[in-house]
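Read the structure below first, then the notes.
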Amino acid sequence: MSDETMSDAESDDDLWALARQGLDLIELDPRRCRLRLDGEQRLSGTVHGRDLPWIIPYLPFPLSEPQEWISLVAVRDADGDGRRSDGGQDDRIELGVLPGVGGLDEQSRQALETALRLRYFLPRVLRIVDVRDEDPGQSGAVVWTLQTDRGPRLLRMGNLFEGIYDELGGGRLLLRDSDGTRVEIPNLHALDADSRRLLTRYYWL
């Protein structure tokens with residue numbers, strides 16, 4: 001893999017500048033990553049000297065090589081809902097990729113594995129409690145309140161066309177929010193009448 005690896009001599013600002021350019025895939029040094037989970041089970045920590053309040057992990061190859069490479073994406077200047085306090089869009093930058101979890105310290109490894117497990121497990125929707133426009137006429141985002149087999153879920157979907165995947169057949173839908181969190185409706189025709197009514201506000205049955 002002909003990626004660029006950050007050395008100890010390179011500063012956090014160098015890492016941020018390279019990541020913003022997006023020209024090279026940067027291999028992160030696990031020894032320079034300290035990760036933790038906050039009270040909301042959101043990943044944060046220090047990567048190559050830069051303290052980051054919100055880090056989103058991605059699996060580039062979730063089926064073939066589930067933890068061979070792990071992409072870390074930083075959400076910069078964002079508050080709890082992923083939007084900047086000045087009202088602008090959140091600023092997401094792929095910092096680079098980790099070559100698995102093996103080189104991390106124990107706390108970081110456990111935090112990252114937990115974050116990945118929470119992100120990639122697929123709850124099944126039992127009932128749609130509510131669907132509403134977050135800011136009518138403004139952001140265009142839609143907020144879904146769902147009851148699943150893993151408990152209640154709240155999804156913020158910035159783009160309905162990318163957030164609802166229906167090419168699976170059999171009435172099966174995948175709902176995906178702005179952070180990549182997914183839930184499954186195994187068969188939309190088996191939903192209760194109220195759930196189907198709420199769904200039809202944003203999706204043609």
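In the structure tokens, chains take letters A, B, ... by order of appearance, with residues numbered from 1 within each chain and ligands from 1 in the order shown.
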
Find the residues around Arg196 of chain A up to 12 Å (only C-alpha atoms counted), leave out those fewer than 5 positions away in its own chain, and share them as a PyMOL selection string. chain A and resi 125-131+171+185+187-191+201-205

Quick one: everything within 8 Å of segment 142-144 of chain A, counting only C-alpha atoms, minus sequence neighbours fewer than 3 positions away in the same chain. Send it as number ranges by chain. A: 128-134, 153-160

Export of prior selection with N, CA and C atoms as a tab-separated table (two decimals), in the first residue's frame:
chain	number	residue	atom	x	y	z
A	128	ILE	N	-42.26	3.11	13.65
A	128	ILE	CA	-41.86	4.49	13.41
A	128	ILE	C	-42.69	5.37	14.32
A	129	VAL	N	-42.04	6.02	15.25
A	129	VAL	CA	-42.74	6.83	16.25
A	129	VAL	C	-43.07	8.22	15.69
A	130	ASP	N	-42.10	8.80	14.95
A	130	ASP	CA	-42.31	10.15	14.41
A	130	ASP	C	-41.29	10.40	13.30
A	131	VAL	N	-41.70	11.19	12.31
A	131	VAL	CA	-40.81	11.67	11.26
A	131	VAL	C	-41.14	13.14	11.06
A	132	ARG	N	-40.12	14.00	11.08
A	132	ARG	CA	-40.40	15.43	10.96
A	132	ARG	C	-39.22	16.15	10.32
A	133	ASP	N	-39.52	17.29	9.68
A	133	ASP	CA	-38.47	18.17	9.18
A	133	ASP	C	-37.81	18.85	10.37
A	134	GLU	N	-36.48	18.82	10.39
A	134	GLU	CA	-35.76	19.43	11.50
A	134	GLU	C	-35.99	20.94	11.54
A	153	ARG	N	-34.20	4.72	18.73
A	153	ARG	CA	-33.15	5.30	17.91
A	153	ARG	C	-33.62	6.62	17.34
A	154	LEU	N	-32.70	7.57	17.24
A	154	LEU	CA	-32.97	8.86	16.62
A	154	LEU	C	-32.01	9.02	15.46
A	155	LEU	N	-32.53	9.17	14.24
A	155	LEU	CA	-31.71	9.34	13.05
A	155	LEU	C	-31.94	10.73	12.48
A	156	ARG	N	-30.86	11.41	12.15
A	156	ARG	CA	-30.93	12.70	11.47
A	156	ARG	C	-30.43	12.49	10.05
A	157	MET	N	-31.35	12.58	9.09
A	157	MET	CA	-31.05	12.26	7.70
A	157	MET	C	-30.97	13.56	6.90
A	158	GLY	N	-29.78	13.88	6.43
A	158	GLY	CA	-29.60	15.13	5.71
A	158	GLY	C	-30.10	15.09	4.28
A	159	ASN	N	-30.15	13.89	3.69
A	159	ASN	CA	-30.54	13.75	2.29
A	159	ASN	C	-31.36	12.48	2.14
A	160	LEU	N	-32.64	12.62	1.84
A	160	LEU	CA	-33.52	11.46	1.74
A	160	LEU	C	-33.09	10.52	0.61

Expressed in Å to a single decimal, how great is the separation between atom CA of Gly49 of chain A and atom CA of Pro30 of chain A?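 Computed distance, atom CA of Gly49 of chain A to atom CA of Pro30 of chain A, equals 12.0 Å.
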
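Nearest residue to Leu112 of chain A, choosing from A:Glu27, A:Asp38, A:Asp166, A:Asp179 and counting only C-alpha atoms: A:Asp38.
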
In Å and to one decimal, atom CA of Leu25 of chain A is distant from atom CA of Gln41 of chain A by 27.2 Å

Determine, counting only C-alpha atoms, which protein, DNA and RNA residues have an atom within 6 Å of an atom of segment 52-57 of chain A; residues of the same chain fewer than 4 positions away are not included. Present the result as an NGL selection string. :A and (43-46 or 71-75)

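Shortest atom-to-atom contact with Ile93 of chain A among A:Arg42, A:Ile26, A:Gly151, A:Leu146: A:Ile26, counting only C-alpha atoms.
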
Among segment 111-201 of chain A, which residues does DSSP mark as alpha helix (DSSP H) when it is run on the backbone? Keep the chain and numbering as in the structure and answer as a ChimeraX atom specification. /A:111-120,160-163,193-199

Using only N, CA and C atoms, please write the residues we just selected to a file, as a CSV table (one decimal), in the first residue's frame.
chain,number,residue,atom,x,y,z
A,111,ALA,N,-12.1,1.3,23.1
A,111,ALA,CA,-13.0,2.4,22.7
A,111,ALA,C,-13.3,2.3,21.2
A,112,LEU,N,-12.3,2.0,20.4
A,112,LEU,CA,-12.5,1.9,18.9
A,112,LEU,C,-13.4,0.7,18.6
A,113,GLU,N,-13.1,-0.4,19.2
A,113,GLU,CA,-13.9,-1.6,18.9
A,113,GLU,C,-15.4,-1.4,19.3
A,114,THR,N,-15.6,-0.7,20.4
A,114,THR,CA,-17.0,-0.4,20.8
A,114,THR,C,-17.6,0.5,19.9
A,115,ALA,N,-16.9,1.6,19.4
A,115,ALA,CA,-17.5,2.6,18.5
A,115,ALA,C,-17.8,1.9,17.2
A,116,LEU,N,-17.0,1.0,16.7
A,116,LEU,CA,-17.3,0.3,15.5
A,116,LEU,C,-18.5,-0.6,15.6
A,117,ARG,N,-18.6,-1.3,16.7
A,117,ARG,CA,-19.7,-2.2,17.0
A,117,ARG,C,-21.0,-1.5,17.0
A,118,LEU,N,-21.0,-0.3,17.7
A,118,LEU,CA,-22.2,0.5,17.7
A,118,LEU,C,-22.6,1.1,16.4
A,119,ARG,N,-21.6,1.4,15.6
A,119,ARG,CA,-21.8,2.0,14.3
A,119,ARG,C,-22.3,1.0,13.2
A,120,TYR,N,-21.8,-0.2,13.3
A,120,TYR,CA,-22.1,-1.1,12.2
A,120,TYR,C,-23.1,-2.2,12.5
A,160,LEU,N,-32.6,12.6,1.8
A,160,LEU,CA,-33.5,11.5,1.7
A,160,LEU,C,-33.1,10.5,0.6
A,161,PHE,N,-32.6,11.1,-0.5
A,161,PHE,CA,-32.2,10.2,-1.6
A,161,PHE,C,-31.0,9.3,-1.3
A,162,GLU,N,-30.1,9.8,-0.4
A,162,GLU,CA,-29.0,9.0,0.0
A,162,GLU,C,-29.3,8.2,1.3
A,163,GLY,N,-30.4,8.6,2.0
A,163,GLY,CA,-30.6,8.1,3.3
A,163,GLY,C,-31.6,6.9,3.3
A,193,ALA,N,-50.1,0.4,10.9
A,193,ALA,CA,-50.7,1.4,10.0
A,193,ALA,C,-50.1,2.8,10.3
A,194,ASP,N,-49.9,3.1,11.6
A,194,ASP,CA,-49.4,4.5,11.9
A,194,ASP,C,-48.0,4.6,11.4
A,195,SER,N,-47.2,3.6,11.5
A,195,SER,CA,-45.8,3.6,11.0
A,195,SER,C,-45.8,3.8,9.5
A,196,ARG,N,-46.6,3.1,8.8
A,196,ARG,CA,-46.7,3.3,7.3
A,196,ARG,C,-47.2,4.7,6.9
A,197,ARG,N,-48.1,5.2,7.7
A,197,ARG,CA,-48.6,6.6,7.4
A,197,ARG,C,-47.4,7.6,7.5
A,198,LEU,N,-46.6,7.5,8.6
A,198,LEU,CA,-45.5,8.4,8.8
A,198,LEU,C,-44.5,8.2,7.7
A,199,LEU,N,-44.2,6.9,7.3
A,199,LEU,CA,-43.2,6.7,6.3
A,199,LEU,C,-43.6,7.3,5.0

What gap, in Å, lies between atom CA of Arg92 of chain A and atom CA of Leu175 of chain A?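 Spanning atom CA of Arg92 of chain A to atom CA of Leu175 of chain A is a straight-line distance of 21.2 Å.
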